[in-house]
Amino acid sequence: MREADRRTVLGSVWLRDEPEPTRARLSRADIVTTAIQVLDREGLDKFSMRRMAAELDAAATSALYWRIATKDDLLELVVDEIFALSPALEGGDWREQVTVVVEAAYHALWEHPWAARLLASHAGLGPNYYALTDRVQTILDAAGFKGTHLDSAVSAIFHYLVGSAVTDSAWLSVVRRSGMNDSRWATESADRMGVDATHLAAYLNPKSQAGPEARFASGLRVILVGLRPRQLS
């Protein structure tokens with residue numbers, strides 16, 4: 001198998017060995033950090049390896065392609081990097097502990113809305129995402145969730161996390177494409193949507209009690225209250 005083929009098999013950068021160190025001044029971590037900055041500034045639609053090469057300057061272009069072969073590889077790396085978080089758990093029962101961990105993940109996705117769009121195709125195999133799921137699973141296991149019930153509980157929590165992040169990111173993307181702020185977009189769009197403009201503005205405002213962060217916290221409570229420790233074979 002050719003070297004280029006070996007670097008793209010198995011469909012994920014996490015299932016292949018990282019290239020050997022070279023004298024290039026850029027590390028993989030440097031490239032990932034720069035990519036996150038570009039994505040935060042310009043969004044996912046304008047992102048490309050060519051844009052990255054320009055950001056890193058011509059001298060670093062060869063290092064970029066040696067360290068990270070494809071755009072998909074780079075996107076896998078950056079979406080996993082935003083989950084590099086470890087919120088402190090200061091007491092509380094298992095529901096409170098899960099809430100701290102999962103809300104931290106949601107806030108990371110809110111700060112980098114492009115990442116939510118990548119979750120459907122570029123997440124799940126990286127070490128940080130694995131550490132996040134493992135932490136939730138460990139909390140639930142200690143609380144008495146066992147067997148397939150433990151797997152189902154973890155799935156329910158993460159499906160809610162990902163689904164909420166994707167939905168909220170989609171709304172944010174629509175508003176940003178309009179070039180308006182939340183309030184003006186709500187005023188201009190409410191009649192066409194058949195909804196009240198005040199309610200729509202509150203729905204979009206992250207600081208509102210009806211906004212995305214408050215809705216996420218409320219929905220997470222509903223899920224956790226409905227879960228009970230037990231074992232299913």
# chains A, B, ... in the order shown; residues from 1 in each chain; ligands from 1
>>> residues_around(residues="Glu90 in chain A", least_positions_apart="5", cutoff="12 Å", atoms="only C-alpha atoms", output="list in words")
Glu96, Gln97, Val98, Thr99, Val100 and Val101 of chain A
>>> write_last_selection(atoms="N, CA and C atoms", output="mmCIF file, in the first residue's frame")
data_model
loop_
_atom_site.group_PDB
_atom_site.id
_atom_site.type_symbol
_atom_site.label_atom_id
_atom_site.label_comp_id
_atom_site.auth_asym_id
_atom_site.auth_seq_id
_atom_site.Cartn_x
_atom_site.Cartn_y
_atom_site.Cartn_z
ATOM 1 N N GLU A 96 -26.108 15.725 39.945
ATOM 2 C CA GLU A 96 -25.389 17.001 39.966
ATOM 3 C C GLU A 96 -24.028 16.873 39.293
ATOM 4 N N GLN A 97 -23.362 15.757 39.486
ATOM 5 C CA GLN A 97 -22.055 15.551 38.869
ATOM 6 C C GLN A 97 -22.163 15.435 37.345
ATOM 7 N N VAL A 98 -23.146 14.682 36.878
ATOM 8 C CA VAL A 98 -23.366 14.580 35.430
ATOM 9 C C VAL A 98 -23.703 15.945 34.849
ATOM 10 N N THR A 99 -24.503 16.712 35.559
ATOM 11 C CA THR A 99 -24.879 18.046 35.091
ATOM 12 C C THR A 99 -23.656 18.923 34.896
ATOM 13 N N VAL A 100 -22.730 18.920 35.840
ATOM 14 C CA VAL A 100 -21.522 19.738 35.728
ATOM 15 C C VAL A 100 -20.726 19.356 34.483
ATOM 16 N N VAL A 101 -20.545 18.065 34.256
ATOM 17 C CA VAL A 101 -19.740 17.590 33.132
ATOM 18 C C VAL A 101 -20.418 17.905 31.795
#
>>> residues_around(residues="Asp168 in chain A", least_positions_apart="2", cutoff="9 Å", atoms="only C-alpha atoms", output="number ranges by chain")
A: 110, 113, 116, 163-166, 170-173, 204, 212
>>> write_last_selection(atoms="N, CA and C atoms", output="PDB file, in the first residue's frame")
ATOM      1  N   TRP A 110     -21.186  25.765  22.515  1.00  0.00           N
ATOM      2  CA  TRP A 110     -21.788  27.073  22.281  1.00  0.00           C
ATOM      3  C   TRP A 110     -20.725  28.108  21.935  1.00  0.00           C
ATOM      4  N   PRO A 113     -19.575  27.358  17.778  1.00  0.00           N
ATOM      5  CA  PRO A 113     -20.771  26.792  17.146  1.00  0.00           C
ATOM      6  C   PRO A 113     -20.501  25.970  15.894  1.00  0.00           C
ATOM      7  N   ALA A 116     -20.497  22.040  16.523  1.00  0.00           N
ATOM      8  CA  ALA A 116     -21.731  21.257  16.564  1.00  0.00           C
ATOM      9  C   ALA A 116     -22.065  20.692  15.191  1.00  0.00           C
ATOM     10  N   GLY A 163     -27.810  16.661  20.106  1.00  0.00           N
ATOM     11  CA  GLY A 163     -29.000  17.186  19.436  1.00  0.00           C
ATOM     12  C   GLY A 163     -29.265  18.638  19.786  1.00  0.00           C
ATOM     13  N   SER A 164     -29.104  18.988  21.040  1.00  0.00           N
ATOM     14  CA  SER A 164     -29.306  20.380  21.461  1.00  0.00           C
ATOM     15  C   SER A 164     -28.278  21.295  20.822  1.00  0.00           C
ATOM     16  N   ALA A 165     -27.024  20.858  20.826  1.00  0.00           N
ATOM     17  CA  ALA A 165     -25.954  21.683  20.263  1.00  0.00           C
ATOM     18  C   ALA A 165     -26.152  21.903  18.767  1.00  0.00           C
ATOM     19  N   VAL A 166     -26.552  20.858  18.055  1.00  0.00           N
ATOM     20  CA  VAL A 166     -26.775  20.980  16.608  1.00  0.00           C
ATOM     21  C   VAL A 166     -27.939  21.916  16.321  1.00  0.00           C
ATOM     22  N   ALA A 170     -27.661  25.584  14.508  1.00  0.00           N
ATOM     23  CA  ALA A 170     -28.377  25.855  13.252  1.00  0.00           C
ATOM     24  C   ALA A 170     -29.100  27.199  13.317  1.00  0.00           C
ATOM     25  N   TRP A 171     -29.784  27.472  14.439  1.00  0.00           N
ATOM     26  CA  TRP A 171     -30.436  28.767  14.600  1.00  0.00           C
ATOM     27  C   TRP A 171     -29.414  29.903  14.529  1.00  0.00           C
ATOM     28  N   LEU A 172     -28.303  29.729  15.226  1.00  0.00           N
ATOM     29  CA  LEU A 172     -27.272  30.762  15.245  1.00  0.00           C
ATOM     30  C   LEU A 172     -26.725  31.016  13.849  1.00  0.00           C
ATOM     31  N   SER A 173     -26.552  29.959  13.074  1.00  0.00           N
ATOM     32  CA  SER A 173     -26.028  30.102  11.718  1.00  0.00           C
ATOM     33  C   SER A 173     -26.973  30.892  10.825  1.00  0.00           C
ATOM     34  N   LEU A 204     -33.859  32.948  21.150  1.00  0.00           N
ATOM     35  CA  LEU A 204     -32.521  33.041  20.563  1.00  0.00           C
ATOM     36  C   LEU A 204     -31.480  33.634  21.509  1.00  0.00           C
ATOM     37  N   PRO A 212     -31.215  29.403  24.758  1.00  0.00           N
ATOM     38  CA  PRO A 212     -30.640  28.069  24.545  1.00  0.00           C
ATOM     39  C   PRO A 212     -29.985  27.462  25.776  1.00  0.00           C
TER      40      PRO A 212
END
>>> residues_around(residues="Arg135 in chain A", least_positions_apart="5", cutoff="12 Å", atoms="only C-alpha atoms", output="list in words")
Leu85, Ser86, Pro87, Ala88, Leu89, Trp94, Gln97, Val98, Thr99, Val100, Val101, Val102, Ala105, Pro127, Asn128, Tyr129, Tyr130, Leu140, Asp141, Ala142 and Val154 of chain A
>>> select_by_dssp(residues="range 28-101 of chain A", states="helix (DSSP H, G or I)", output="PyMOL selection string")
chain A and resi 28-42+49-56+58-67+71-81+94-101
>>> write_last_selection(atoms="C-alpha atoms", output="CSV table (one decimal), in the first residue's frame")
chain,number,residue,atom,x,y,z
A,28,ARG,CA,0.2,19.0,15.1
A,29,ALA,CA,-0.9,20.9,18.2
A,30,ASP,CA,0.2,24.2,16.7
A,31,ILE,CA,-1.9,23.5,13.6
A,32,VAL,CA,-4.9,22.5,15.5
A,33,THR,CA,-4.8,25.7,17.6
A,34,THR,CA,-4.5,27.9,14.5
A,35,ALA,CA,-7.4,26.0,12.9
A,36,ILE,CA,-9.7,26.7,15.9
A,37,GLN,CA,-8.8,30.4,15.7
A,38,VAL,CA,-9.6,30.5,12.0
A,39,LEU,CA,-12.9,28.6,12.5
A,40,ASP,CA,-13.9,30.9,15.3
A,41,ARG,CA,-13.2,33.9,13.2
A,42,GLU,CA,-14.5,32.9,9.8
A,49,MET,CA,-6.6,23.6,3.8
A,50,ARG,CA,-5.7,26.4,1.4
A,51,ARG,CA,-6.9,28.9,3.9
A,52,MET,CA,-4.9,27.2,6.6
A,53,ALA,CA,-1.8,27.3,4.5
A,54,ALA,CA,-2.2,31.0,4.0
A,55,GLU,CA,-2.7,31.5,7.7
A,56,LEU,CA,0.4,29.5,8.6
A,58,ALA,CA,4.2,29.6,2.9
A,59,ALA,CA,7.2,28.3,4.9
A,60,ALA,CA,4.8,26.2,7.0
A,61,THR,CA,2.7,24.8,4.2
A,62,SER,CA,4.7,21.6,3.8
A,63,ALA,CA,4.6,21.0,7.6
A,64,LEU,CA,0.8,21.3,7.4
A,65,TYR,CA,0.4,18.6,4.8
A,66,TRP,CA,3.0,16.4,6.5
A,67,ARG,CA,1.4,16.6,9.9
A,71,LYS,CA,-9.2,18.6,5.7
A,72,ASP,CA,-11.3,15.8,7.3
A,73,ASP,CA,-8.3,14.8,9.4
A,74,LEU,CA,-7.9,18.4,10.6
A,75,LEU,CA,-11.6,18.8,11.4
A,76,GLU,CA,-11.6,15.6,13.4
A,77,LEU,CA,-8.7,17.0,15.4
A,78,VAL,CA,-10.2,20.4,16.1
A,79,VAL,CA,-13.6,19.1,17.1
A,80,ASP,CA,-12.0,16.8,19.6
A,81,GLU,CA,-9.8,19.5,20.9
A,94,TRP,CA,-24.7,11.6,40.6
A,95,ARG,CA,-27.2,13.9,38.9
A,96,GLU,CA,-25.4,17.0,40.0
A,97,GLN,CA,-22.1,15.6,38.9
A,98,VAL,CA,-23.4,14.6,35.4
A,99,THR,CA,-24.9,18.0,35.1
A,100,VAL,CA,-21.5,19.7,35.7
A,101,VAL,CA,-19.7,17.6,33.1
>>> atom_distance(atom1="CA of Val162 in chain A", atom2="CA of Leu220 in chain A")
11.9 Å
>>> residues_around(residues="Ala210 in chain A", least_positions_apart="4", cutoff="12 Å", atoms="only C-alpha atoms", output="list in words")
Thr198, His199, Leu200, Ala201, Ala202, Tyr203, Leu204, Asn205, Pro206, Ala214, Arg215, Phe216, Ala217, Ser218 and Gly219 of chain A
>>> atom_distance(atom1="CA of Phe47 in chain A", atom2="CA of Trp114 in chain A")
10.4 Å
>>> atom_distance(atom1="CA of Ala190 in chain A", atom2="CA of Thr167 in chain A")
18.2 Å
